[in-house]
$ cat upload_38.cif   # mmCIF, C-alpha atoms
data_entry
#
loop_
_atom_site.label_atom_id
_atom_site.label_comp_id
_atom_site.auth_asym_id
_atom_site.auth_seq_id
_atom_site.Cartn_x
_atom_site.Cartn_y
_atom_site.Cartn_z
CA MET A 673 -26.53 34.31 -33.69
CA ARG A 674 -24.36 31.46 -35.03
CA TYR A 675 -21.32 33.72 -34.62
CA LEU A 676 -22.08 34.79 -31.06
CA THR A 677 -19.22 34.15 -28.62
CA PRO A 678 -19.76 32.93 -25.03
CA GLY A 679 -19.20 36.52 -23.90
CA GLY A 680 -22.10 37.77 -26.01
CA ALA A 681 -20.05 39.40 -28.81
CA ILE A 682 -20.29 38.69 -32.52
CA SER A 683 -17.01 37.08 -33.56
CA GLU A 684 -14.64 38.59 -36.11
CA ALA A 685 -15.69 35.89 -38.59
CA GLY A 686 -19.30 36.90 -38.06
CA ILE A 687 -18.57 40.60 -38.56
CA ARG A 688 -16.72 39.82 -41.80
CA ALA A 689 -19.65 37.73 -43.01
CA LEU A 690 -21.98 40.66 -42.33
CA GLU A 691 -19.62 43.07 -44.11
CA ASP A 692 -19.46 40.75 -47.11
CA ALA A 693 -23.26 40.48 -47.25
CA ALA A 694 -23.66 44.25 -46.98
CA ASP A 695 -21.05 44.84 -49.68
CA GLU A 696 -22.74 42.32 -51.98
CA ALA A 697 -26.13 43.97 -51.43
CA ARG A 698 -24.68 47.39 -52.15
CA THR A 699 -23.03 46.14 -55.36
CA THR A 700 -26.22 44.44 -56.55
CA ALA A 701 -28.29 47.52 -55.79
CA ARG A 702 -25.98 49.69 -57.88
CA ALA A 703 -26.01 47.22 -60.76
CA GLU A 704 -29.81 47.14 -60.73
CA GLY A 705 -30.16 50.91 -60.57
CA VAL A 706 -31.64 50.96 -57.07
CA VAL A 707 -32.05 54.56 -55.94
CA GLU A 708 -32.46 53.91 -52.23
CA LEU A 709 -31.38 50.92 -50.17
CA LEU A 710 -33.17 50.02 -46.92
CA ALA A 711 -30.90 48.38 -44.35
CA THR A 712 -32.12 47.19 -40.97
CA ALA A 713 -30.64 45.28 -38.05
CA THR A 714 -32.53 43.34 -35.39
CA SER A 715 -31.85 41.90 -31.94
CA ALA A 716 -28.85 39.72 -32.85
CA VAL A 717 -26.82 42.83 -33.70
CA ARG A 718 -28.60 45.22 -31.35
CA GLU A 719 -27.93 43.18 -28.23
CA ALA A 720 -24.41 41.95 -28.98
CA THR A 721 -21.84 43.28 -26.52
CA ASN A 722 -19.86 44.67 -29.45
CA GLY A 723 -23.01 45.89 -31.23
CA PRO A 724 -21.79 49.49 -31.79
CA GLU A 725 -18.59 48.24 -33.47
CA VAL A 726 -20.54 45.79 -35.62
CA ILE A 727 -23.03 48.47 -36.67
CA ALA A 728 -20.22 50.89 -37.57
CA ARG A 729 -18.50 48.30 -39.74
CA ILE A 730 -21.72 47.35 -41.52
CA GLU A 731 -22.42 51.03 -42.19
CA ASP A 732 -18.92 51.41 -43.67
CA ALA A 733 -19.57 48.44 -45.96
CA LEU A 734 -22.99 49.83 -46.97
CA GLY A 735 -21.89 53.43 -47.29
CA GLN A 736 -25.03 54.57 -45.44
CA PRO A 737 -26.65 54.45 -41.98
CA LEU A 738 -28.19 51.24 -40.66
CA GLN A 739 -31.65 51.32 -39.11
CA VAL A 740 -31.43 49.40 -35.84
CA LEU A 741 -34.88 48.20 -34.78
CA GLY A 742 -36.00 47.78 -31.19
CA GLY A 743 -37.84 44.62 -30.21
CA GLU A 744 -41.30 46.19 -30.15
CA ASP A 745 -40.60 47.87 -33.49
CA GLU A 746 -39.86 44.43 -34.92
CA ALA A 747 -43.21 43.21 -33.59
CA ARG A 748 -45.09 46.21 -35.00
CA PHE A 749 -43.53 46.04 -38.47
CA THR A 750 -44.15 42.29 -38.67
CA PHE A 751 -47.73 42.74 -37.48
CA LEU A 752 -48.32 45.32 -40.20
CA ALA A 753 -47.09 42.86 -42.84
CA VAL A 754 -49.25 40.02 -41.54
CA ARG A 755 -52.29 42.31 -41.32
CA ARG A 756 -51.87 43.27 -44.97
CA TRP A 757 -51.34 39.67 -46.01
CA LEU A 758 -54.45 38.44 -44.19
CA GLY A 759 -56.50 41.41 -45.39
CA TRP A 760 -58.42 44.26 -43.79
CA SER A 761 -61.36 42.03 -42.83
CA ALA A 762 -59.17 39.65 -40.78
CA GLY A 763 -60.38 41.10 -37.48
CA GLN A 764 -58.41 40.45 -34.29
CA ILE A 765 -54.95 38.98 -35.00
CA LEU A 766 -52.49 37.31 -32.66
CA LEU A 767 -48.99 37.05 -34.15
CA LEU A 768 -45.91 35.03 -33.23
CA ASP A 769 -42.56 35.59 -34.95
CA ILE A 770 -39.32 33.79 -34.06
CA GLY A 771 -36.00 35.25 -35.16
CA GLY A 772 -32.46 34.32 -34.32
CA GLY A 773 -32.28 36.48 -31.21
CA SER A 774 -35.84 37.13 -30.08
CA LEU A 775 -39.47 36.07 -30.14
CA GLU A 776 -41.98 38.78 -31.04
CA ILE A 777 -45.66 38.63 -30.07
CA ALA A 778 -48.29 41.14 -31.13
CA ALA A 779 -52.07 41.39 -31.04
CA GLY A 780 -54.71 43.79 -32.25
CA ALA A 781 -57.56 44.54 -34.62
CA ASP A 782 -56.07 47.57 -36.37
CA GLU A 783 -53.16 48.14 -38.71
CA LEU A 784 -50.75 48.38 -35.80
CA PRO A 785 -51.00 46.13 -32.72
CA ALA A 786 -52.70 47.10 -29.50
CA ALA A 787 -50.11 45.02 -27.60
CA ALA A 788 -46.58 44.08 -28.65
CA ALA A 789 -43.74 42.33 -26.85
CA SER A 790 -40.26 41.07 -27.61
CA VAL A 791 -38.54 38.47 -25.44
CA PRO A 792 -35.01 37.01 -25.79
CA LEU A 793 -36.16 33.55 -26.88
CA GLY A 794 -34.79 33.57 -30.43
CA ALA A 795 -33.98 30.19 -31.97
CA GLY A 796 -30.28 30.92 -32.43
CA ARG A 797 -29.84 32.43 -28.97
CA MET A 798 -31.59 29.46 -27.29
CA THR A 799 -29.59 26.94 -29.31
CA LEU A 800 -26.32 28.42 -28.12
CA ARG A 801 -27.46 28.63 -24.51
CA PHE A 802 -29.43 25.40 -24.04
CA LEU A 803 -28.85 23.08 -27.02
CA PRO A 804 -25.14 23.33 -27.93
CA ASP A 805 -24.65 19.56 -28.40
CA GLU A 806 -25.53 17.53 -31.48
CA PRO A 807 -27.97 15.95 -31.09
CA PRO A 808 -29.20 18.03 -28.16
CA GLY A 809 -31.17 15.29 -26.39
CA GLU A 810 -34.44 15.47 -24.49
CA ASP A 811 -32.98 16.60 -21.14
CA ALA A 812 -31.61 19.77 -22.74
CA VAL A 813 -34.94 20.30 -24.48
CA ASP A 814 -36.73 20.04 -21.12
CA ARG A 815 -34.45 22.72 -19.65
CA LEU A 816 -35.14 25.03 -22.57
CA ARG A 817 -38.87 24.42 -22.31
CA GLU A 818 -38.88 25.34 -18.62
CA HIS A 819 -36.85 28.49 -19.30
CA ALA A 820 -39.22 29.53 -22.10
CA ARG A 821 -42.22 28.93 -19.85
CA THR A 822 -40.74 31.15 -17.14
CA VAL A 823 -39.92 33.98 -19.58
CA LEU A 824 -43.34 33.79 -21.25
CA ALA A 825 -45.47 33.69 -18.09
CA PRO A 826 -45.80 37.48 -17.61
CA VAL A 827 -46.19 38.02 -21.35
CA ALA A 828 -49.00 35.48 -21.51
CA GLU A 829 -50.87 37.41 -18.82
CA THR A 830 -50.66 40.58 -20.91
CA PHE A 831 -52.01 38.93 -24.03
CA ALA A 832 -54.71 37.05 -22.15
CA ALA A 833 -56.33 40.46 -21.63
CA GLN A 834 -56.67 40.96 -25.39
CA PRO A 835 -59.86 39.96 -27.24
CA ARG A 836 -60.05 36.42 -28.57
CA PRO A 837 -58.24 36.37 -31.94
CA ASP A 838 -60.00 35.68 -35.23
CA HIS A 839 -56.66 34.67 -36.72
CA VAL A 840 -53.50 33.33 -35.07
CA ALA A 841 -50.56 33.79 -37.42
CA GLY A 842 -46.93 32.75 -37.37
CA SER A 843 -44.20 34.29 -39.47
CA SER A 844 -40.44 33.83 -39.95
CA LYS A 845 -38.40 31.21 -41.76
CA ALA A 846 -38.25 28.97 -38.69
CA ILE A 847 -42.04 28.80 -38.39
CA ARG A 848 -42.47 28.22 -42.13
CA SER A 849 -39.96 25.36 -41.96
CA LEU A 850 -41.78 23.79 -39.01
CA ALA A 851 -45.11 24.12 -40.79
CA LYS A 852 -43.73 22.31 -43.83
CA LEU A 853 -42.59 19.55 -41.50
CA ALA A 854 -45.56 19.21 -39.17
CA GLY A 855 -48.39 21.23 -40.73
CA TYR A 856 -50.93 20.76 -43.50
CA PRO A 857 -52.51 22.90 -46.27
CA ALA A 858 -55.45 25.06 -45.30
CA PRO A 859 -58.79 23.91 -46.74
CA GLY A 860 -59.10 24.99 -50.36
CA TRP A 861 -55.33 25.37 -50.78
CA SER A 862 -52.67 22.96 -51.96
CA GLY A 863 -48.98 22.33 -51.34
CA ASN A 864 -47.24 25.03 -49.33
CA GLU A 865 -49.43 27.93 -50.51
CA ARG A 866 -51.18 28.38 -47.18
CA LEU A 867 -50.14 26.18 -44.28
CA LEU A 868 -51.67 25.50 -40.88
CA LEU A 869 -49.55 24.26 -37.96
CA PRO A 870 -51.30 22.42 -35.09
CA ARG A 871 -49.63 22.57 -31.69
CA ALA A 872 -50.13 18.83 -31.15
CA ALA A 873 -48.38 17.90 -34.39
CA LEU A 874 -45.50 20.25 -33.63
CA GLY A 875 -45.12 18.78 -30.14
CA SER A 876 -44.97 15.23 -31.48
CA TRP A 877 -41.99 16.15 -33.67
CA ILE A 878 -39.85 17.72 -30.93
CA PRO A 879 -38.56 14.46 -29.33
CA ARG A 880 -37.63 13.15 -32.78
CA LEU A 881 -35.85 16.36 -33.73
CA ALA A 882 -33.95 16.33 -30.44
CA ARG A 883 -32.58 12.84 -31.14
CA LEU A 884 -31.38 13.67 -34.66
CA PRO A 885 -28.03 15.30 -35.49
CA ALA A 886 -28.10 18.35 -37.73
CA SER A 887 -26.93 16.34 -40.74
CA ALA A 888 -30.02 14.16 -40.47
CA ARG A 889 -32.45 16.99 -39.68
CA GLN A 890 -31.75 18.71 -42.98
CA GLU A 891 -33.06 15.61 -44.79
CA LEU A 892 -36.52 16.18 -43.30
CA PRO A 893 -39.29 17.93 -45.27
CA GLY A 894 -39.02 21.71 -45.05
CA ILE A 895 -35.78 21.80 -43.03
CA THR A 896 -33.14 23.51 -45.15
CA ALA A 897 -29.42 23.41 -44.41
CA ASP A 898 -29.42 26.94 -42.95
CA ARG A 899 -32.28 26.04 -40.56
CA THR A 900 -30.83 22.84 -39.07
CA PHE A 901 -28.66 24.75 -36.60
CA GLN A 902 -31.58 26.25 -34.71
CA ILE A 903 -34.72 24.37 -35.74
CA VAL A 904 -34.99 22.32 -32.52
CA ALA A 905 -34.87 25.41 -30.31
CA GLY A 906 -37.31 27.15 -32.63
CA ALA A 907 -39.74 24.24 -32.32
CA VAL A 908 -39.49 24.16 -28.51
CA VAL A 909 -39.97 27.92 -28.14
CA LEU A 910 -42.89 28.00 -30.57
CA HIS A 911 -44.62 25.02 -28.96
CA THR A 912 -44.18 26.52 -25.49
CA ALA A 913 -45.47 29.91 -26.64
CA MET A 914 -48.51 28.31 -28.26
CA ARG A 915 -49.27 26.42 -25.07
CA GLU A 916 -48.79 29.43 -22.78
CA LEU A 917 -51.00 31.59 -25.01
CA GLY A 918 -53.66 28.91 -25.43
CA ILE A 919 -53.09 28.48 -29.19
CA GLU A 920 -54.16 25.17 -30.70
CA GLU A 921 -53.25 26.00 -34.29
CA LEU A 922 -51.71 28.84 -36.26
CA GLU A 923 -51.63 29.81 -39.91
CA VAL A 924 -48.34 30.66 -41.54
CA SER A 925 -47.82 34.08 -43.10
CA PRO A 926 -45.25 34.34 -45.90
CA TRP A 927 -44.94 38.05 -45.09
CA ALA A 928 -42.88 39.07 -42.07
CA LEU A 929 -40.48 41.79 -40.90
CA ARG A 930 -38.92 42.54 -44.28
CA GLU A 931 -42.31 43.14 -45.90
CA GLY A 932 -43.38 45.25 -42.92
CA VAL A 933 -40.34 47.50 -43.27
CA LEU A 934 -41.07 47.91 -46.99
CA LEU A 935 -44.76 48.66 -46.41
CA ARG A 936 -43.98 51.30 -43.80
CA TYR A 937 -41.39 52.87 -46.11
CA ILE A 938 -43.86 53.01 -49.03
CA GLU A 939 -46.47 54.61 -46.80
CA SER A 940 -44.00 57.18 -45.51
CA MET A 941 -43.28 58.14 -49.14
CA ALA A 942 -47.00 58.54 -49.79
CA TRP A 943 -47.52 60.62 -46.65
CA GLY A 944 -44.55 62.80 -47.54
#
$ encode --input "upload_38.cif" --output "structure tokens"
Amino acid sequence: MRYLTPGGAISEAGIRALEDAADEARTTARAEGVVELLATATSAVREATNGPEVIARIEDALGQPLQVLGGEDEARFTFLAVRRWLGWSAGQILLLDIGGGSLEIAAGADELPAAAASVPLGAGRMTLRFLPDEPPGEDAVDRLREHARTVLAPVAETFAAQPRPDHVAGSSKAIRSLAKLAGYPAPGWSGNERLLLPRAALGSWIPRLARLPASARQELPGITADRTFQIVAGAVVLHTAMRELGIEELEVSPWALREGVLLRYIESMAWG
């Protein structure tokens, strides 16, 4: 998303960065004796106006096809990973996952969700559209919050019909970073092993984050250099989603889309 142009295309610099990453992964896989390499792309590539060209060039760098996931597939794979991490006895789960291009929401009591949705509220996408200045300021944050509320309104109605969750989970690097900043360890755990993120604590940090430039944000606990670009938008979208869905607190899952893709692949091998 950082390389997205105003016209919605991934820039040449961005495509080259993706090619370099794919080539490095391919080289490492060969050196380590990897027999099969799984390669997936999500909404940032899927929805770019030059997506087909980008996908073709990544596939050339990889030397194999790229699996391009739809938004609901992202939600389902991530839900599977979180279900496995929480355990079979977790009951009804409500999941939020924020990527660069989209926000995924899923809910259910089984291995796969009974309801899944993907909306274009990714942290990178919203940064480029609503928070391009550094620091972004509270007026821009208010505009993003209103936009997120409008987009989430019909989704919230869908998930309000689901049973009350036994666990509300959040996954993705952005949510983990925010939990390290504004959350606290779950009872019986220490450090960052199992974090809880209250909506109130997250909300209290947003005005402060909006007043800080990126160079200062990366000095905060949990905010790494690669997260500073989009952490404010991620915080606003997550806080708005929690409010619209009636979530007071969520627990952070270290497993997300990548683990879900791996789990589904392993199971497909077993079924075969």
$ atom_distance --input "upload_38.cif" --atom1 "CA of Lys852 in chain A" --atom2 "CA of Leu874 in chain A"
10.6 Å
$ closest_residue --input "upload_38.cif" --among "A:Ala786, A:Arg815, A:Glu704, A:Ala854" --to "Arg801 in chain A" --atoms "all atoms listed in the file"
A:Arg815
$ residues_around --input "upload_38.cif" --residues "Met914 in chain A" --least-positions-apart "5" --cutoff "7 Å" --atoms "all atoms listed in the file" --output "ChimeraX atom specification"
/A:871,919-920
$ residues_near_point --input "upload_38.cif" --point "(-48.6, 45.1, -37.0)" --cutoff "12 Å" --atoms "all atoms listed in the file" --output "PDB file with C-alpha atoms, keeping the file's coordinate frame"
ATOM      1  CA  GLU A 744     -41.300  46.190 -30.150  1.00  0.00           C
ATOM      2  CA  ASP A 745     -40.600  47.870 -33.490  1.00  0.00           C
ATOM      3  CA  GLU A 746     -39.860  44.430 -34.920  1.00  0.00           C
ATOM      4  CA  ALA A 747     -43.210  43.210 -33.590  1.00  0.00           C
ATOM      5  CA  ARG A 748     -45.090  46.210 -35.000  1.00  0.00           C
ATOM      6  CA  PHE A 749     -43.530  46.040 -38.470  1.00  0.00           C
ATOM      7  CA  THR A 750     -44.150  42.290 -38.670  1.00  0.00           C
ATOM      8  CA  PHE A 751     -47.730  42.740 -37.480  1.00  0.00           C
ATOM      9  CA  LEU A 752     -48.320  45.320 -40.200  1.00  0.00           C
ATOM     10  CA  ALA A 753     -47.090  42.860 -42.840  1.00  0.00           C
ATOM     11  CA  VAL A 754     -49.250  40.020 -41.540  1.00  0.00           C
ATOM     12  CA  ARG A 755     -52.290  42.310 -41.320  1.00  0.00           C
ATOM     13  CA  ARG A 756     -51.870  43.270 -44.970  1.00  0.00           C
ATOM     14  CA  TRP A 757     -51.340  39.670 -46.010  1.00  0.00           C
ATOM     15  CA  LEU A 758     -54.450  38.440 -44.190  1.00  0.00           C
ATOM     16  CA  TRP A 760     -58.420  44.260 -43.790  1.00  0.00           C
ATOM     17  CA  GLN A 764     -58.410  40.450 -34.290  1.00  0.00           C
ATOM     18  CA  ILE A 765     -54.950  38.980 -35.000  1.00  0.00           C
ATOM     19  CA  LEU A 766     -52.490  37.310 -32.660  1.00  0.00           C
ATOM     20  CA  LEU A 767     -48.990  37.050 -34.150  1.00  0.00           C
ATOM     21  CA  LEU A 768     -45.910  35.030 -33.230  1.00  0.00           C
ATOM     22  CA  ASP A 769     -42.560  35.590 -34.950  1.00  0.00           C
ATOM     23  CA  GLU A 776     -41.980  38.780 -31.040  1.00  0.00           C
ATOM     24  CA  ILE A 777     -45.660  38.630 -30.070  1.00  0.00           C
ATOM     25  CA  ALA A 778     -48.290  41.140 -31.130  1.00  0.00           C
ATOM     26  CA  ALA A 779     -52.070  41.390 -31.040  1.00  0.00           C
ATOM     27  CA  GLY A 780     -54.710  43.790 -32.250  1.00  0.00           C
ATOM     28  CA  ALA A 781     -57.560  44.540 -34.620  1.00  0.00           C
ATOM     29  CA  ASP A 782     -56.070  47.570 -36.370  1.00  0.00           C
ATOM     30  CA  GLU A 783     -53.160  48.140 -38.710  1.00  0.00           C
ATOM     31  CA  LEU A 784     -50.750  48.380 -35.800  1.00  0.00           C
ATOM     32  CA  PRO A 785     -51.000  46.130 -32.720  1.00  0.00           C
ATOM     33  CA  ALA A 786     -52.700  47.100 -29.500  1.00  0.00           C
ATOM     34  CA  ALA A 787     -50.110  45.020 -27.600  1.00  0.00           C
ATOM     35  CA  ALA A 788     -46.580  44.080 -28.650  1.00  0.00           C
ATOM     36  CA  ALA A 789     -43.740  42.330 -26.850  1.00  0.00           C
ATOM     37  CA  ALA A 841     -50.560  33.790 -37.420  1.00  0.00           C
ATOM     38  CA  SER A 843     -44.200  34.290 -39.470  1.00  0.00           C
ATOM     39  CA  TRP A 927     -44.940  38.050 -45.090  1.00  0.00           C
ATOM     40  CA  ALA A 928     -42.880  39.070 -42.070  1.00  0.00           C
ATOM     41  CA  LEU A 929     -40.480  41.790 -40.900  1.00  0.00           C
ATOM     42  CA  GLU A 931     -42.310  43.140 -45.900  1.00  0.00           C
ATOM     43  CA  GLY A 932     -43.380  45.250 -42.920  1.00  0.00           C
ATOM     44  CA  VAL A 933     -40.340  47.500 -43.270  1.00  0.00           C
ATOM     45  CA  LEU A 935     -44.760  48.660 -46.410  1.00  0.00           C
ATOM     46  CA  ARG A 936     -43.980  51.300 -43.800  1.00  0.00           C
TER      47      ARG A 936
END
$ closest_atom_pairs --input "upload_38.cif" --of "range 859-939 of chain A" --to "range 674-686 of chain A" --cutoff "12 Å" --atoms "only C-alpha atoms" --output "CSV"
residue,atom,partner,partner_atom,distance
A:Asp898,CA,A:Arg674,CA,10.4
A:Arg899,CA,A:Arg674,CA,11.1
A:Thr900,CA,A:Arg674,CA,11.5
A:Phe901,CA,A:Arg674,CA,8.1
A:Gln902,CA,A:Arg674,CA,8.9
$ closest_atom_pairs --input "upload_38.cif" --of "range 747-832 of chain A" --to "range 706-718 of chain A" --cutoff "7 Å" --atoms "all atoms listed in the file" --output "CSV"
residue,atom,partner,partner_atom,distance
A:Gly772,CA,A:Ala716,CA,6.7
A:Gly773,CA,A:Ala716,CA,5.0
A:Ser774,CA,A:Ser715,CA,6.5
$ atom_distance --input "upload_38.cif" --atom1 "CA of Met798 in chain A" --atom2 "CA of Leu816 in chain A"
7.4 Å
$ atom_distance --input "upload_38.cif" --atom1 "CA of Arg848 in chain A" --atom2 "CA of Pro870 in chain A"
12.7 Å
$ closest_residue --input "upload_38.cif" --among "A:His839, A:Arg817, A:Glu865, A:Val904" --to "Trp877 in chain A" --atoms "all atoms listed in the file"
A:Val904
$ closest_residue --input "upload_38.cif" --among "A:Ile687, A:Val827, A:Ala693, A:Met941" --to "Asn722 in chain A" --atoms "all atoms listed in the file"
A:Ile687
$ residues_near_point --input "upload_38.cif" --point "(-39.4, 24.8, -17.7)" --cutoff "12 Å" --atoms "all atoms listed in the file" --output "VMD selection string"
chain A and resid 802 811 to 825 908 to 909 912 to 913 916
$ closest_residue --input "upload_38.cif" --among "A:Ala851, A:Ala873, A:Leu738, A:Leu775" --to "Glu923 in chain A" --atoms "all atoms listed in the file"
A:Ala851
$ closest_residue --input "upload_38.cif" --among "A:Pro885, A:Gly875, A:Arg698, A:Thr799" --to "Arg915 in chain A" --atoms "only C-alpha atoms"
A:Gly875
$ decode --input "upload_38.cif" --residues "range 863-914 of chain A" --atoms "C-alpha atoms" --output "PDB file, in the first residue's frame"
ATOM      1  CA  GLY A 863       5.108  -9.687  28.972  1.00  0.00           C
ATOM      2  CA  ASN A 864       3.770  -9.930  25.427  1.00  0.00           C
ATOM      3  CA  GLU A 865       2.861 -13.636  25.571  1.00  0.00           C
ATOM      4  CA  ARG A 866      -0.888 -13.042  25.577  1.00  0.00           C
ATOM      5  CA  LEU A 867      -2.149  -9.475  25.322  1.00  0.00           C
ATOM      6  CA  LEU A 868      -5.558  -7.911  25.847  1.00  0.00           C
ATOM      7  CA  LEU A 869      -6.484  -4.594  24.206  1.00  0.00           C
ATOM      8  CA  PRO A 870      -9.305  -2.518  25.770  1.00  0.00           C
ATOM      9  CA  ARG A 871     -11.199  -0.186  23.460  1.00  0.00           C
ATOM     10  CA  ALA A 872     -11.006   2.665  25.982  1.00  0.00           C
ATOM     11  CA  ALA A 873      -7.223   2.475  26.249  1.00  0.00           C
ATOM     12  CA  LEU A 874      -6.863   2.342  22.470  1.00  0.00           C
ATOM     13  CA  GLY A 875      -9.127   5.376  22.075  1.00  0.00           C
ATOM     14  CA  SER A 876      -7.113   7.404  24.570  1.00  0.00           C
ATOM     15  CA  TRP A 877      -3.967   6.898  22.487  1.00  0.00           C
ATOM     16  CA  ILE A 878      -5.409   8.038  19.143  1.00  0.00           C
ATOM     17  CA  PRO A 879      -5.229  11.834  19.757  1.00  0.00           C
ATOM     18  CA  ARG A 880      -1.631  11.469  20.913  1.00  0.00           C
ATOM     19  CA  LEU A 881      -0.670   9.353  17.916  1.00  0.00           C
ATOM     20  CA  ALA A 882      -2.311  11.870  15.581  1.00  0.00           C
ATOM     21  CA  ARG A 883      -0.171  14.705  16.963  1.00  0.00           C
ATOM     22  CA  LEU A 884       3.128  12.828  16.620  1.00  0.00           C
ATOM     23  CA  PRO A 885       5.199  12.635  13.419  1.00  0.00           C
ATOM     24  CA  ALA A 886       6.240   9.189  12.244  1.00  0.00           C
ATOM     25  CA  SER A 887       9.786   9.669  13.536  1.00  0.00           C
ATOM     26  CA  ALA A 888       8.440  10.103  17.059  1.00  0.00           C
ATOM     27  CA  ARG A 889       5.821   7.344  16.828  1.00  0.00           C
ATOM     28  CA  GLN A 890       8.450   4.685  16.230  1.00  0.00           C
ATOM     29  CA  GLU A 891       9.951   5.520  19.642  1.00  0.00           C
ATOM     30  CA  LEU A 892       6.754   4.356  21.356  1.00  0.00           C
ATOM     31  CA  PRO A 893       6.453   0.856  22.863  1.00  0.00           C
ATOM     32  CA  GLY A 894       5.511  -1.742  20.258  1.00  0.00           C
ATOM     33  CA  ILE A 895       5.595   0.617  17.249  1.00  0.00           C
ATOM     34  CA  THR A 896       8.316  -0.597  14.908  1.00  0.00           C
ATOM     35  CA  ALA A 897       9.732   1.458  12.046  1.00  0.00           C
ATOM     36  CA  ASP A 898       7.708  -0.437   9.429  1.00  0.00           C
ATOM     37  CA  ARG A 899       4.455   0.214  11.347  1.00  0.00           C
ATOM     38  CA  THR A 900       4.791   3.977  11.842  1.00  0.00           C
ATOM     39  CA  PHE A 901       3.497   4.744   8.349  1.00  0.00           C
ATOM     40  CA  GLN A 902       0.039   3.319   8.972  1.00  0.00           C
ATOM     41  CA  ILE A 903      -0.358   2.850  12.718  1.00  0.00           C
ATOM     42  CA  VAL A 904      -2.620   5.894  13.236  1.00  0.00           C
ATOM     43  CA  ALA A 905      -5.078   4.759  10.569  1.00  0.00           C
ATOM     44  CA  GLY A 906      -4.930   1.228  11.951  1.00  0.00           C
ATOM     45  CA  ALA A 907      -5.788   2.518  15.429  1.00  0.00           C
ATOM     46  CA  VAL A 908      -8.715   4.610  14.169  1.00  0.00           C
ATOM     47  CA  VAL A 909     -10.174   1.791  12.068  1.00  0.00           C
ATOM     48  CA  LEU A 910      -9.788  -0.762  14.860  1.00  0.00           C
ATOM     49  CA  HIS A 911     -11.302   1.531  17.488  1.00  0.00           C
ATOM     50  CA  THR A 912     -14.239   2.357  15.209  1.00  0.00           C
ATOM     51  CA  ALA A 913     -14.815  -1.314  14.383  1.00  0.00           C
ATOM     52  CA  MET A 914     -14.748  -2.256  18.060  1.00  0.00           C
TER      53      MET A 914
END
